Amino acid sequence: GGCQERRHSCGPFGDLWLLSFVERSLCLCSAPPGCGRGFSRAMFKNFTSLDKGKTFRPRRNHREGTKRYQLHKFAQATLGTGNLHEAVTLPAGEDCNEWLAVNTVDFFNEINLLYGVVAEFCTDASCPVMCAGPKYEYMWADGAQIRRPIAVSAPKYVDYLMTWVQHQLDDERLFPTQIGVPFPPDFLDAVRNIFRRLFRIYAHMYYCHFEKMSEMKAEPHLNTCFKHYMYFVYEFDLIPRKEELAPLQELIDKLMERDTQQFPKDAAAS
């Protein structure tokens, strides 16, 4: 599905509002020490409106005892340091494709849970199109069942998207889990396509459901998760076409600028 620039309202907010919430978000995006995914799970327990049954796809788990499970635990531990650049960096001696696979599953789980917070407010009536502000409308196509891009409501788009990602994560040819089975030549392209599309859920949540996230005290967690996501995207060049990031580029730049001041050595190295 393509990202088309259109003048179409999505929620009450537009570009000028985005600029104002960028500064507001920065006041809340710093997570307390030790804020990894363990902290995030504890944080979500406080949301009475979070119904895990409303997430579009079940949580994907790494099988204990596997290399991928070990990498997942390593990623959790490094997140606890608060240094996101260090958290996304490929561990020494590890296979890059395995690292990409582990994190693709983890980010899928994170976004699945985040969207579950606002799922009951993101309806066909409130969000008749999948968009990010007044400029960007996202149309869906998967190249298989839906070959030509179609306009659908935001919840329908997210349903299509999460189902599409789930099918790929379950595909043993694309995401092999057996020891000794190599990743396919098109693995990186597939991961890039997944990350490119998952970004759109973040864009929609920020533009159309940010106020609701804020009311539910989920704003700091949303910001921390998105910043972690973008660090990983930049580290492995997973969204090469920068116009795809345009809806949230202002926020991304501000988040990165703040971390550059906090971790200058990592910024210089990258």
# chains A, B, ... in the order shown; residues from 1 in each chain; ligands from 1
call {"tool": "closest_atom_pairs", "arguments": {"of": "range 190-246 of chain A", "to": "range 147-162 of chain A", "cutoff": "8 Å", "atoms": "only C-alpha atoms", "output": "tab-separated table"}}
result
residue	atom	partner	partner_atom	distance
A:Arg197	CA	A:Leu161	CA	7.5
A:Leu198	CA	A:Leu161	CA	7.8
A:Ile201	CA	A:Val158	CA	7.2
call {"tool": "write_last_selection", "arguments": {"atoms": "C-alpha atoms", "output": "JSON list (two decimals), in the first residue's frame"}}
result
[["chain", "number", "residue", "atom", "x", "y", "z"],
["A", 197, "ARG", "CA", 4.46, -0.22, 7.31],
["A", 198, "LEU", "CA", 4.56, -0.53, 11.11],
["A", 201, "ILE", "CA", 0.64, 2.82, 13.06]]
call {"tool": "atom_distance", "arguments": {"atom1": "CA of Tyr229 in chain A", "atom2": "CA of Gln168 in chain A"}}
result
19.3 Å
call {"tool": "atom_distance", "arguments": {"atom1": "CA of Phe121 in chain A", "atom2": "CA of Arg200 in chain A"}}
result
17.2 Å
call {"tool": "residues_around", "arguments": {"residues": "Ala203 in chain A", "least_positions_apart": "6", "cutoff": "7 Å", "atoms": "only C-alpha atoms", "output": "PyMOL selection string"}}
result
chain A and resi 132+247-248
call {"tool": "residues_around", "arguments": {"residues": "Ile239 in chain A", "least_positions_apart": "5", "cutoff": "8 Å", "atoms": "only C-alpha atoms", "output": "ChimeraX atom specification"}}
result
/A:192-193,195-196,233-234,244-245
call {"tool": "residues_around", "arguments": {"residues": "Cys122 in chain A", "least_positions_apart": "5", "cutoff": "12 Å", "atoms": "only C-alpha atoms", "output": "ChimeraX atom specification"}}
result
/A:10-11,54,115-117,127-131,153-159,201,204-205,207-210,212-213
call {"tool": "atom_distance", "arguments": {"atom1": "CA of Thr177 in chain A", "atom2": "CA of Val102 in chain A"}}
result
10.6 Å
call {"tool": "closest_residue", "arguments": {"among": "A:Ala87, A:Ala101, A:Lys227, A:Ile194", "to": "Asp142 in chain A", "atoms": "only C-alpha atoms"}}
result
A:Ile194
